[in-house]
Structures are given as C-alpha cells and as structure tokens.
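**Q** Next comes the structure file data07.tsv, holding TSV, C-alpha atoms and all ligand atoms.
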chain	number	residue	atom	x	y	z
A	1	MET	CA	9.08	-9.01	7.49
A	2	PRO	CA	9.60	-5.98	9.72
A	3	ARG	CA	13.09	-5.34	11.06
A	4	PRO	CA	14.40	-2.87	13.63
A	5	ALA	CA	12.98	0.57	12.76
A	6	ARG	CA	11.53	-0.74	9.53
A	7	ALA	CA	7.91	-1.60	8.85
A	8	CYS	CA	6.17	-3.61	6.14
A	9	SER	CA	4.26	-2.07	3.23
A	10	ALA	CA	2.37	1.18	3.84
A	11	TYR	CA	2.34	4.47	1.92
A	12	LEU	CA	0.69	7.59	3.25
A	13	ILE	CA	-0.63	9.83	0.46
A	14	GLN	CA	-1.76	13.33	1.37
A	15	HIS	CA	-3.27	16.13	-0.66
A	16	GLY	CA	-4.82	19.23	0.80
A	17	GLY	CA	-6.83	18.06	3.80
A	18	ASN	CA	-7.14	14.45	2.64
A	19	ALA	CA	-5.02	11.52	3.74
A	20	ILE	CA	-5.11	7.89	2.67
A	21	VAL	CA	-2.78	4.95	3.09
A	22	ALA	CA	-2.06	2.43	0.37
A	23	ASP	CA	-1.54	-0.83	2.32
A	24	PHE	CA	-1.04	-1.02	6.06
A	25	GLY	CA	1.38	-3.83	6.94
A	26	THR	CA	3.18	-4.70	10.15
A	27	GLY	CA	4.65	-1.60	11.81
A	28	ALA	CA	2.68	0.82	9.67
A	29	PHE	CA	0.51	2.12	12.47
A	30	SER	CA	3.51	3.12	14.58
A	31	ASN	CA	5.11	4.89	11.60
A	32	LEU	CA	1.87	6.61	10.66
A	33	ARG	CA	1.85	8.38	14.00
A	34	ARG	CA	5.07	10.21	13.10
A	35	HIS	CA	3.19	11.95	10.31
A	36	LEU	CA	-0.50	12.16	11.12
A	37	SER	CA	-2.99	11.89	13.93
A	38	PHE	CA	-4.65	8.54	13.26
A	39	GLU	CA	-8.11	10.06	13.45
A	40	ASP	CA	-7.26	12.33	10.50
A	41	LEU	CA	-6.83	9.35	8.20
A	42	ASP	CA	-9.66	9.28	5.65
A	43	ALA	CA	-9.15	5.85	4.16
A	44	VAL	CA	-7.05	2.70	4.03
A	45	PHE	CA	-6.71	0.89	0.69
A	46	VAL	CA	-5.46	-2.69	0.73
A	47	SER	CA	-3.81	-3.99	-2.45
A	48	HIS	CA	-4.21	-7.65	-1.51
A	49	MET	CA	-4.87	-9.89	1.43
A	50	HIS	CA	-1.34	-10.98	2.31
A	51	ALA	CA	-0.95	-10.08	5.98
A	52	ASP	CA	2.20	-8.01	5.49
A	53	HIS	CA	0.00	-5.58	3.57
A	54	PHE	CA	-2.96	-5.14	5.93
A	55	ILE	CA	-2.47	-6.56	9.43
A	56	ASP	CA	-1.93	-3.17	11.14
A	57	VAL	CA	-5.61	-2.36	10.68
A	58	VAL	CA	-5.89	-4.24	13.99
A	59	PRO	CA	-3.83	-1.73	16.06
A	60	LEU	CA	-5.46	1.07	14.06
A	61	ARG	CA	-8.83	-0.27	15.19
A	62	TYR	CA	-7.74	-0.19	18.85
A	63	ALA	CA	-6.50	3.38	18.47
A	64	LEU	CA	-9.72	4.53	16.82
A	65	LYS	CA	-11.79	2.88	19.55
A	66	TYR	CA	-9.77	3.62	22.67
A	67	GLY	CA	-7.33	6.39	21.72
A	68	GLU	CA	-7.86	10.05	22.47
A	69	ARG	CA	-9.98	11.55	19.73
A	70	THR	CA	-11.57	14.83	18.83
A	71	ASN	CA	-14.02	13.34	16.33
A	72	ASP	CA	-16.00	10.13	15.92
A	73	ARG	CA	-15.54	9.73	12.18
A	74	LYS	CA	-15.19	6.25	10.79
A	75	VAL	CA	-12.17	5.49	8.61
A	76	ALA	CA	-13.04	4.02	5.21
A	77	LEU	CA	-11.39	0.62	4.91
A	78	TRP	CA	-11.30	-0.38	1.24
A	79	LEU	CA	-10.45	-4.03	0.64
A	80	PRO	CA	-10.01	-5.90	-2.62
A	81	PRO	CA	-12.89	-8.09	-3.83
A	82	GLU	CA	-13.39	-11.01	-1.40
A	83	GLY	CA	-11.19	-9.28	1.17
A	84	GLU	CA	-14.07	-8.49	3.48
A	85	ALA	CA	-14.93	-12.14	4.11
A	86	MET	CA	-11.28	-12.88	4.81
A	87	LEU	CA	-10.83	-10.05	7.30
A	88	ARG	CA	-14.10	-10.88	9.04
A	89	ALA	CA	-13.01	-14.52	9.30
A	90	ILE	CA	-9.81	-13.44	11.06
A	91	VAL	CA	-11.70	-11.21	13.48
A	92	ALA	CA	-14.21	-14.01	14.14
A	93	THR	CA	-11.41	-15.94	15.87
A	94	PHE	CA	-10.84	-13.15	18.41
A	95	PRO	CA	-12.25	-13.54	21.95
A	96	ARG	CA	-15.99	-13.10	22.00
A	97	GLU	CA	-16.00	-9.87	24.02
A	98	SER	CA	-13.87	-8.02	21.48
A	99	ARG	CA	-15.53	-9.51	18.46
A	100	HIS	CA	-18.81	-7.65	18.48
A	101	ASP	CA	-18.66	-4.87	15.92
A	102	PHE	CA	-14.88	-5.07	16.20
A	103	LEU	CA	-14.42	-3.57	12.76
A	104	ASP	CA	-17.69	-1.82	12.08
A	105	GLU	CA	-17.70	0.57	15.03
A	106	VAL	CA	-14.58	2.33	13.74
A	107	PHE	CA	-14.32	1.42	10.06
A	108	ASP	CA	-16.60	1.91	7.11
A	109	LEU	CA	-15.65	-1.44	5.61
A	110	ARG	CA	-16.09	-1.89	1.85
A	111	GLU	CA	-14.65	-3.63	-1.17
A	112	TYR	CA	-13.51	-1.51	-4.09
A	113	GLN	CA	-14.53	-2.17	-7.68
A	114	PRO	CA	-11.22	-2.67	-9.52
A	115	ALA	CA	-12.68	-1.31	-12.76
A	116	GLY	CA	-14.09	1.79	-11.10
A	117	ILE	CA	-12.84	5.00	-9.55
A	118	THR	CA	-13.02	5.50	-5.81
A	119	GLN	CA	-13.12	9.07	-4.57
A	120	VAL	CA	-11.80	10.22	-1.20
A	121	GLY	CA	-12.32	13.97	-0.96
A	122	ALA	CA	-10.16	15.49	-3.70
A	123	LEU	CA	-8.32	12.21	-4.33
A	124	ASN	CA	-9.33	9.87	-7.15
A	125	VAL	CA	-8.13	6.28	-6.86
A	126	ARG	CA	-8.01	3.79	-9.74
A	127	PHE	CA	-6.80	0.19	-9.83
A	128	ALA	CA	-5.23	-2.41	-12.09
A	129	PRO	CA	-4.82	-6.15	-11.54
A	130	THR	CA	-1.22	-7.27	-11.02
A	131	ARG	CA	0.64	-10.58	-11.45
A	132	HIS	CA	0.89	-12.04	-7.97
A	133	TYR	CA	-0.07	-15.26	-6.15
A	134	ILE	CA	-3.48	-14.06	-5.03
A	135	PRO	CA	-5.75	-11.34	-6.54
A	136	THR	CA	-3.82	-8.08	-6.14
A	137	TYR	CA	-4.42	-4.55	-7.37
A	138	ALA	CA	-2.02	-1.73	-8.12
A	139	LEU	CA	-3.38	1.69	-7.26
A	140	ARG	CA	-3.10	5.11	-8.88
A	141	CYS	CA	-4.05	8.17	-6.86
A	142	GLU	CA	-4.64	11.51	-8.59
A	143	ALA	CA	-5.43	14.95	-7.28
A	144	GLY	CA	-4.95	18.48	-8.50
A	145	GLY	CA	-3.17	17.37	-11.66
A	146	SER	CA	-0.55	15.24	-9.87
A	147	SER	CA	-0.38	11.49	-9.37
A	148	VAL	CA	1.19	8.64	-7.43
A	149	THR	CA	1.06	5.03	-8.59
A	150	TYR	CA	1.81	2.06	-6.34
A	151	SER	CA	2.46	-1.33	-7.91
A	152	GLY	CA	1.35	-3.55	-5.04
A	153	ASP	CA	3.10	-6.92	-5.30
A	154	THR	CA	3.67	-7.93	-8.90
A	155	ALA	CA	5.80	-9.68	-11.46
A	156	PRO	CA	6.36	-7.52	-14.57
A	157	CYS	CA	2.85	-6.59	-15.68
A	158	ASP	CA	1.43	-4.64	-18.65
A	159	GLU	CA	-1.66	-3.57	-16.67
A	160	VAL	CA	0.54	-1.97	-14.03
A	161	VAL	CA	2.51	-0.18	-16.75
A	162	ALA	CA	-0.73	1.15	-18.26
A	163	LEU	CA	-1.96	2.34	-14.88
A	164	ALA	CA	1.37	4.06	-14.17
A	165	ARG	CA	1.51	5.86	-17.52
A	166	SER	CA	3.23	9.26	-17.07
A	167	THR	CA	2.71	9.19	-13.32
A	168	GLU	CA	4.90	11.52	-11.30
A	169	LEU	CA	5.83	9.11	-8.54
A	170	PHE	CA	5.90	5.36	-9.18
A	171	LEU	CA	6.30	3.20	-6.09
A	172	CYS	CA	7.29	-0.14	-7.54
A	173	GLU	CA	8.09	-3.34	-5.77
A	174	ALA	CA	11.59	-4.78	-6.27
A	175	THR	CA	11.43	-7.90	-4.13
A	176	LEU	CA	13.72	-10.20	-6.06
A	177	LEU	CA	17.46	-10.30	-6.37
A	178	SER	CA	18.44	-10.55	-10.02
A	179	SER	CA	20.08	-13.90	-9.16
A	180	ASN	CA	16.61	-15.22	-8.24
A	181	ALA	CA	14.83	-13.78	-11.26
A	182	GLU	CA	14.29	-17.14	-12.91
A	183	TYR	CA	12.33	-18.73	-10.11
A	184	SER	CA	8.79	-19.79	-10.85
A	185	PRO	CA	5.91	-19.14	-10.54
A	186	ARG	CA	6.64	-15.42	-10.64
A	187	GLY	CA	4.76	-13.03	-8.41
A	188	HIS	CA	7.47	-10.42	-7.82
A	189	SER	CA	9.95	-8.27	-9.73
A	190	THR	CA	13.64	-7.40	-9.63
A	191	ALA	CA	14.91	-3.81	-9.46
A	192	ARG	CA	15.75	-4.11	-13.14
A	193	GLU	CA	12.21	-5.20	-13.98
A	194	ALA	CA	10.76	-2.37	-11.88
A	195	ALA	CA	12.91	0.00	-13.93
A	196	GLU	CA	11.68	-1.59	-17.15
A	197	MET	CA	8.08	-0.97	-16.07
A	198	ALA	CA	8.94	2.61	-15.08
A	199	SER	CA	10.62	3.18	-18.41
A	200	ALA	CA	7.73	1.66	-20.41
A	201	ALA	CA	5.26	3.82	-18.48
A	202	ALA	CA	7.41	6.96	-18.89
A	203	VAL	CA	7.05	7.82	-15.21
A	204	LYS	CA	8.85	10.82	-13.79
A	205	ARG	CA	10.33	9.31	-10.66
A	206	LEU	CA	10.77	5.68	-9.54
A	207	VAL	CA	10.86	4.56	-5.92
A	208	LEU	CA	12.03	0.94	-5.44
A	209	THR	CA	10.27	-0.67	-2.51
A	210	HIS	CA	9.21	-4.01	-0.92
A	211	TYR	CA	12.76	-5.35	-0.79
A	212	SER	CA	14.35	-7.66	1.74
A	213	THR	CA	17.46	-7.63	3.92
A	214	ALA	CA	19.14	-9.70	1.21
A	215	SER	CA	18.91	-6.76	-1.21
A	216	ASP	CA	21.69	-4.19	-1.37
A	217	PRO	CA	20.23	-0.73	-2.10
A	218	ALA	CA	23.34	0.36	-4.03
A	219	THR	CA	23.06	-2.68	-6.31
A	220	MET	CA	19.31	-2.09	-6.76
A	221	LEU	CA	19.97	1.52	-7.76
A	222	ALA	CA	22.71	0.56	-10.19
A	223	GLU	CA	20.51	-2.07	-11.85
A	224	ALA	CA	17.56	0.31	-12.13
A	225	ARG	CA	19.64	3.24	-13.42
A	226	GLY	CA	20.96	1.08	-16.23
A	227	ILE	CA	17.39	0.88	-17.56
A	228	PHE	CA	15.40	3.89	-16.36
A	229	HIS	CA	16.87	7.34	-16.90
A	230	GLY	CA	14.54	9.36	-14.69
A	231	ASP	CA	15.05	9.88	-10.99
A	232	VAL	CA	15.38	6.60	-9.00
A	233	VAL	CA	15.53	6.15	-5.23
A	234	VAL	CA	15.30	3.20	-2.87
A	235	ALA	CA	12.44	3.56	-0.39
A	236	ASP	CA	13.15	3.99	3.29
A	237	ASP	CA	10.85	4.25	6.27
A	238	ASN	CA	9.40	7.73	6.70
A	239	ALA	CA	10.94	9.06	3.49
A	240	THR	CA	8.74	11.81	2.05
A	241	PHE	CA	8.23	12.81	-1.58
A	242	GLU	CA	6.31	15.64	-3.18
A	243	ALA	CA	4.40	15.33	-6.41
A	244	GLY	CA	3.06	18.23	-8.43
A	245	ASP	CA	3.34	21.73	-7.10
A	246	THR	CA	1.67	21.10	-3.74
A	301	ZN	ZN	1.88	-10.39	-1.55
A	302	ZN	ZN	4.18	-8.30	-0.12
I need this file expressed as structure tokens, please.
**A**
Amino acid sequence: MPRPARACSAYLIQHGGNAIVADFGTGAFSNLRRHLSFEDLDAVFVSHMHADHFIDVVPLRYALKYGERTNDRKVALWLPPEGEAMLRAIVATFPRESRHDFLDEVFDLREYQPAGITQVGALNVRFAPTRHYIPTYALRCEAGGSSVTYSGDTAPCDEVVALARSTELFLCEATLLSSNAEYSPRGHSTAREAAEMASAAAVKRLVLTHYSTASDPATMLAEARGIFHGDVVVADDNATFEAGDT
C-alpha cells in the first residue's frame, strides 16, 4: 500500500531518448512527474494484474488526454497475456461518458508475448514467468550493452535467476520478513532469498524493493549482505541508479 511520500511499484528506465516504466502502481504517476514529462514516456510494461502494479494508468490516461501536451503520441501500454480483458472490464464500469475510447485514445494497448522480445526504440525487453499467485512476468531491459532486470512479484524462482544472469542492476522484491518465510502458498521472497537469487544470477548490484512498513531496511540489508557480496541497497522513492557507462 502507498504511505506518506511513498508509492507502490513503478520503475522508470531511461536510455538515450527512450523512457519506459516497469509497473505503474498507486502513486507512480505523481512520482513520475518529478523525473519526466508524462508525454515523453514511450511505454508502460505491467508485470501482472494486481492493482498495486498498474492502477496509475488511470491518472496517466487523464494526463495524456487533458494535460498540456506538445505532441499527440500514444503511449504503448504493454500488459501480460489476458491483462487486456481485465483492464477493459475495469474501465467498462466507469460512467458511460468517460468510457468511450477511454484507453484507446491515449494508449496503444497490447499484450506482450512472454517468450518474445519487445523493442521500444533502443531498448530491448524480455520476460520470464515468476512464482506468484496470478500469472506474473519478470522483465529484463537491455540497451547499449547495459541491463536492468526487475523481478516483479515472486517467490524464489529459477526462471527469474536465468533472466537476471549477469545483469548490472537487479531490482528484486523482498516482501516477506524472514519470520514469515514459511507461510504457504508462497508468492513472495525474503531479503535473504532475493540475495540468493542475486548471487545465483551473478548480478552486479541488487536493489531490494516491494517491502512493507513491517520491514526494517537495516535488517533487510544485513540479511542480504550475508548472502550476496556485490553492492546491495534498499529501494526508496525517487532513488536513481546508473547502469553501464551512460
Ligand atoms: Zn502481486
Ligand atoms: Zn505486488
């Protein structure tokens, strides 16, 4: 859930003149505006259809339709398989006058092929299925020889490790406290498990994210550093990282 000055999942990835977001949860639109004019966003990728990962496409839609703009480009909205029907079903409940073309007049709405590569300008995006409660996809974004991998929501997962292999920046969820690690069915990871995935994938830098108010960042760091010996940080709103020599 969002808390004061803190939004739900969303990660802005920029390279050259291209900009995408991986997930766009509650509060993401407001945060995005600190970094980028919303009309300069090329694409939104949604890892899965839990609302804390996509619901701010609604305020983004209002901005693209009614905000001040210098272009009339549509933003590519890439949803996971079966995500389009779900999002359209939500919008179908809106008042009739705002329903017509609500999404299509500002978004180029599509579903990605998890086995394929999606290209956004110079950025190549690949996916891997994760272990979560509904179909969910981790995402790896590459450009100019550098890479960022985002786990989405997942329990420890070999496919995510394979996708993250040797990535420079690994954004990995660390939802669970280690005291809750035995609960079942599993759809999330602890900081320790995130570090195990980072270590197995030999990533360069690990960013622990998707944690709750119950988590203590110092404890998360200590647990992760006991396992993964590269650079580890705990994510914070509006934190910025560089990958490669851009
Ligand atoms: Zn989820
Ligand atoms: Zn989540």
**Q** Counting only C-alpha atoms, what is within 7 Å of segment 219-230 of chain A, bar same-chain residues fewer than 5 positions away, as number ranges by chain?
**A** A: 191-192, 195-196, 198-199, 204-205
**Q** Grab the residues selected above and save them as a PDB file, in the frame of the given file with C-alpha atoms.
**A**
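To be explicit, this is the file written out as result_13.pdb:
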ATOM      1  CA  ALA A 191      14.910  -3.810  -9.460  1.00  0.00           C
ATOM      2  CA  ARG A 192      15.750  -4.110 -13.140  1.00  0.00           C
ATOM      3  CA  ALA A 195      12.910   0.000 -13.930  1.00  0.00           C
ATOM      4  CA  GLU A 196      11.680  -1.590 -17.150  1.00  0.00           C
ATOM      5  CA  ALA A 198       8.940   2.610 -15.080  1.00  0.00           C
ATOM      6  CA  SER A 199      10.620   3.180 -18.410  1.00  0.00           C
ATOM      7  CA  LYS A 204       8.850  10.820 -13.790  1.00  0.00           C
ATOM      8  CA  ARG A 205      10.330   9.310 -10.660  1.00  0.00           C
TER       9      ARG A 205
END
**Q** Residues of chain A within 7 Å of ligand ZN 301 (chain A): nearest atom pair and distance (Å, one decimal) for each, counting only C-alpha atoms and all ligand atoms, sorted by chain and number, as CSV?
**A**
residue,atom,partner,partner_atom,distance
A:His48,CA,A:ZN301,ZN,6.7
A:His50,CA,A:ZN301,ZN,5.1
A:His132,CA,A:ZN301,ZN,6.7
A:Tyr133,CA,A:ZN301,ZN,7.0
A:Asp153,CA,A:ZN301,ZN,5.3
**Q** Enumerate, in order of chain and increasing residue number, the residues of chain A with an atom no farther than 9 Å from ligand ZN 302 (chain A), each with its shortest atom pair and distance in Å to one decimal, counting all atoms listed in the file, as JSON lines.
**A**
{"residue": "A:Cys8", "atom": "CA", "partner": "A:ZN302", "partner_atom": "ZN", "distance": 8.1}
{"residue": "A:Ser9", "atom": "CA", "partner": "A:ZN302", "partner_atom": "ZN", "distance": 7.1}
{"residue": "A:Gly25", "atom": "CA", "partner": "A:ZN302", "partner_atom": "ZN", "distance": 8.8}
{"residue": "A:His48", "atom": "CA", "partner": "A:ZN302", "partner_atom": "ZN", "distance": 8.5}
{"residue": "A:His50", "atom": "CA", "partner": "A:ZN302", "partner_atom": "ZN", "distance": 6.6}
{"residue": "A:Ala51", "atom": "CA", "partner": "A:ZN302", "partner_atom": "ZN", "distance": 8.2}
{"residue": "A:Asp52", "atom": "CA", "partner": "A:ZN302", "partner_atom": "ZN", "distance": 6.0}
{"residue": "A:His53", "atom": "CA", "partner": "A:ZN302", "partner_atom": "ZN", "distance": 6.2}
{"residue": "A:Gly152", "atom": "CA", "partner": "A:ZN302", "partner_atom": "ZN", "distance": 7.4}
{"residue": "A:Asp153", "atom": "CA", "partner": "A:ZN302", "partner_atom": "ZN", "distance": 5.5}
{"residue": "A:Thr154", "atom": "CA", "partner": "A:ZN302", "partner_atom": "ZN", "distance": 8.8}
{"residue": "A:Glu173", "atom": "CA", "partner": "A:ZN302", "partner_atom": "ZN", "distance": 8.5}
{"residue": "A:Thr175", "atom": "CA", "partner": "A:ZN302", "partner_atom": "ZN", "distance": 8.3}
{"residue": "A:His188", "atom": "CA", "partner": "A:ZN302", "partner_atom": "ZN", "distance": 8.6}
{"residue": "A:His210", "atom": "CA", "partner": "A:ZN302", "partner_atom": "ZN", "distance": 6.7}
**Q** Considering all atoms listed in the file, state which residue in the set A:Ala181, A:Phe38, A:Ser147, A:Val46 is at the smallest distance from Gly67 of chain A.
**A** A:Phe38
**Q** At a cut-off of 10 Å, using all atoms listed in the file, what residues contact segment 163-169 of chain A? Leave out same-chain residues fewer than 5 positions from it and give the result as number ranges by chain.
**A** A: 126-129, 138-142, 145-151, 158, 197-207, 231-232, 241-244
**Q** Just checking: using all atoms listed in the file, which residue out of A:Ala92, A:Val106, A:Val58, A:Leu79 ends up closest to Tyr137 of chain A?
**A** A:Leu79
**Q** Quick one: of A:Thr213, A:Asn124, A:Ser178, A:Gln119, who's nearest to Pro4 of chain A, counting only C-alpha atoms?
**A** A:Thr213
**Q** Which one is closest to Glu159 of chain A: A:Arg69, A:Arg88, A:Arg186, A:Arg131? Count all atoms listed in the file.
**A**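 Counting all atoms listed in the file, the residue closest to Glu159 of chain A is A:Arg131.
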**Q** Considering only C-alpha atoms, state which residue in the set A:Val125, A:Leu109, A:Arg3, A:Asp72 is at the smallest distance from Ala85 of chain A.
**A**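 Smallest distance to Ala85 of chain A is found for A:Leu109.
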**Q** Figure out the distance between atom CA of Cys157 of chain A and atom CA of His15 of chain A, please, to one decimal in Å.
**A**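 Taking atom CA of His15 of chain A as the start and atom CA of Cys157 of chain A as the end point, the length is 27.9 Å.
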**Q** If we count all atoms listed in the file and set the cut-off at 10 Å, which residues sit around Ala239 of chain A, ignoring sequence neighbours fewer than 4 positions away in its own chain? Please answer as a short mmCIF file (atom, residue, chain, number, x, y, z; two decimals) with C-alpha atoms, in the frame of the given file.
**A**
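Listed below is the output, result-v3.cif:
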data_model
loop_
_atom_site.label_atom_id
_atom_site.label_comp_id
_atom_site.auth_asym_id
_atom_site.auth_seq_id
_atom_site.Cartn_x
_atom_site.Cartn_y
_atom_site.Cartn_z
CA TYR A 11 2.34 4.47 1.92
CA VAL A 234 15.30 3.20 -2.87
CA ALA A 235 12.44 3.56 -0.39
#
**Q** For each of A:Ala7, A:Ala76, A:Val160, A:Ala218, take the minimum atom-to-atom distance to Ala194 of chain A, counting all atoms listed in the file, then give the residue where this is smallest.
**A** A:Val160
**Q** Calculate how many Å separate atom CA of Glu68 of chain A from atom CA of Gly17 of chain A, rounding to one decimal.
**A**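 Result for atom CA of Glu68 of chain A versus atom CA of Gly17 of chain A: 20.3 Å, one decimal.
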**Q** Please list as a ChimeraX atom specification every residue within 12 Å of Asn18 of chain A, counting all atoms listed in the file and excluding residues in the same chain fewer than 3 positions away.
**A** /A:12-15,21,36,39-44,75,119-124,141-143
**Q** Considering only C-alpha atoms, return as an MDAnalysis selection string whatever protein or nucleic-acid residues lie within 7 Å of Phe29 of chain A, sequence-local ones (same chain, fewer than 3 positions apart) excluded.
**A** chainID A and resid 32:33 56 59:60
**Q** Would you compute the distance between atom CA of Ala22 of chain A and atom CA of Asn180 of chain A? Give it in Å to one decimal.
**A**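 Computing it gives 27.1 Å between the two atoms.
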